[in-house]
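Peer 1: Handing you this structure, nothing more for now.
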Amino acid sequence: MEMDLPGILEGIQGPVALAFSYQAEDVAALHLLLHSTAEPRDLEVFTLDTLKLFPETQGYHEAVEAFFQIPIKRYYPDPDEVRQVEEKLGEWGMRGSLEDRHYCCNVRKVAPLKRALAGKSVWVTGLRAAQSPTRSNLQILEYDESHKLMKINPLVSWSEVELAVYLHRYGLPLHPLYAQGFKSIGCAPCTRAVKEGEDIRAGRWWWENPEHKECGLHLRKAGTIKT
C-alpha cells in the first residue's frame, strides 16, 4: 500500500505543487510527500478557494496547516468572473444544466488552477482510480498536456480500506464533515452526505450522471489530462 516517491521525483527538476482539496486522499498524499526520502525543496501546497466552501472546510484548512506546520496557499477565482456567474446562475443555477455547472466550475476552479500550476514542473494529486468511472484509467505518473507538466497520482491503486488504514496509522486529521456522512467534499451547493451503500462520490453533483462527475480539473482524453 505505502509507497515512496524518490524514484519518480529524482528525475524531475523544478517546482512541485500538491493540490489540496480537503479530501482524506489529499491529506494522505501530503503525508506521503512530506515523508518521502526525496521530499522536494521547492514545494507549494495549494488549494482552490471557490468562495463556496463549507464553513467546516475553512476550519479544517487551518487544522491541516497546524498539523503539518506548513502553509496552504489559497488561489481564488477572478472577482469579476464570479460576479458574472452569480448574476447568471444565482445560488443554485448550476443545477440547471451540465453546461451551467461547467461554467461555474470553470470560473471557480479551472481558471484558478491554471494560475496555481503556472511555472510548476510537477502536480501531485490524491486521486484514486476506484473513486469514480471517470478515473478508472488513471496512472501513477502521467503527462498533463494542458499544463505542460508531470502529474503524479501516488494513491492511484489504493482501495478505500487501504486509505483508511493509512490515515489511522499516522493519526492524520480528517475533515469534520466525514463524521456527518460526507465521503467527498467540495462546494456547499454541490455536495451532500451519502447514504449507506451509495458510491463515495454519489454526494457530488448528485443530479448528474456518474460519467459527468468531474469539475474540469481532471477530465481525461486520449491518455492525457485536460481541463
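Chain labels A, B, ... are given in the sequence in which chains occur in the C-alpha cells; within each chain residues are numbered consecutively from 1, and ligands are likewise numbered from 1 in the order shown.
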DSSP on the backbone, strand (DSSP E) only: what residues of region 71-222 of chain A does that give? Format it as a ChimeraX atom specification.
Peer 2: /A:73-75,122-124,141-144,149-152,219-221
Peer 1: Find the residues near region 160-167 of chain A: any atom within 12 Å, counting only C-alpha atoms, skip ones fewer than 6 places away on the same chain, and give them as a PyMOL selection string.
Peer 2: chain A and resi 1-3+23-32+126-131+154+173-175+183+199-200
Peer 1: Using only C-alpha atoms, which residue out of A:Cys104, A:Leu51, A:Ile140, A:Leu117 lies closest to Ile8 (chain A)?
Peer 2: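 Among the listed residues, A:Ile140 lies closest to Ile8 (chain A).
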Peer 1: Which residues come within 10 Å of Ile70 (chain A), counting only C-alpha atoms, excluding same-chain residues fewer than 4 positions away, as a list in words?
Peer 2: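 Everything that qualifies: Glu44, Val45, Glu62, Val64, Glu65 and Ala66 of chain A.
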Peer 1: Take the residues just selected and output them with C-alpha atoms as a PDB file, in the first residue's frame.
Peer 2:
ATOM      1  CA  GLU A  44       3.950  24.589  -2.827  1.00  0.00           C
ATOM      2  CA  VAL A  45       0.847  23.100  -1.239  1.00  0.00           C
ATOM      3  CA  GLU A  62      -6.184  25.765   9.497  1.00  0.00           C
ATOM      4  CA  VAL A  64      -4.047  20.814   8.459  1.00  0.00           C
ATOM      5  CA  GLU A  65      -1.642  23.752   8.356  1.00  0.00           C
ATOM      6  CA  ALA A  66      -1.068  23.370  12.101  1.00  0.00           C
TER       7      ALA A  66
END
Peer 1: Using Å and a single decimal, report how far CA of Ala118 (chain A) sits from CA of Gly14 (chain A).
Peer 2: 11.8 Å
Peer 1: May I ask for the distance between CA of Leu18 (chain A) and CA of Leu48 (chain A), given in Å to one decimal place?
Peer 2: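 Atom-to-atom, CA of Leu18 (chain A) to CA of Leu48 (chain A), that is 11.4 Å.
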Peer 1: Can you pull out every residue from region 160-202 of chain A that DSSP, working from the backbone, puts in alpha helix (DSSP H), and format the result as a PyMOL selection string?
Peer 2: chain A and resi 160-169
Peer 1: Go through A:Glu81, A:Asn106, A:Leu138, A:Glu10 and flag the residue nearest Ser157 (chain A), using only C-alpha atoms for the distances.
Peer 2: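 Nearest to Ser157 (chain A): A:Leu138.
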Peer 1: If you count only C-alpha atoms, which residues fall within 7 Å of Gly203 (chain A), apart from same-chain ones fewer than 6 positions away, as an NGL selection string?
Peer 2: :A and (184 or 191-194)
Peer 1: Restricting the calculation to only C-alpha atoms: of A:Ile185, A:Lys114, A:Glu87, A:Ile72, which residue gets closest to Leu43 (chain A)?
Peer 2: A:Ile72
Peer 1: I need the residue nearest Thr47 (chain A) from this list: A:Ala179, A:Met150, A:Ala116, A:Met94. Use only C-alpha atoms for the distance.
Peer 2: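 Looking only at the distances to Thr47 (chain A), the closest residue turns out to be A:Ala116.
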Peer 1: Kindly give the distance, in Å, that separates CA of Phe182 (chain A) and CA of Glu99 (chain A), rounded to a single decimal.
Peer 2: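 A separation of 25.4 Å between them.
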Peer 1: So that I can check the surroundings of Leu53 (chain A), please list as a PyMOL selection string every protein, DNA and RNA residue that reaches within 8 Å of it, counting only C-alpha atoms and ignoring chain neighbours fewer than 5 positions away.
Peer 2: chain A and resi 58+186-188
Peer 1: Go through A:His35, A:Arg41, A:Arg201, A:Lys151 and flag the residue nearest Ala19 (chain A), using only C-alpha atoms for the distances.
Peer 2: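 Closest candidate: A:Lys151.
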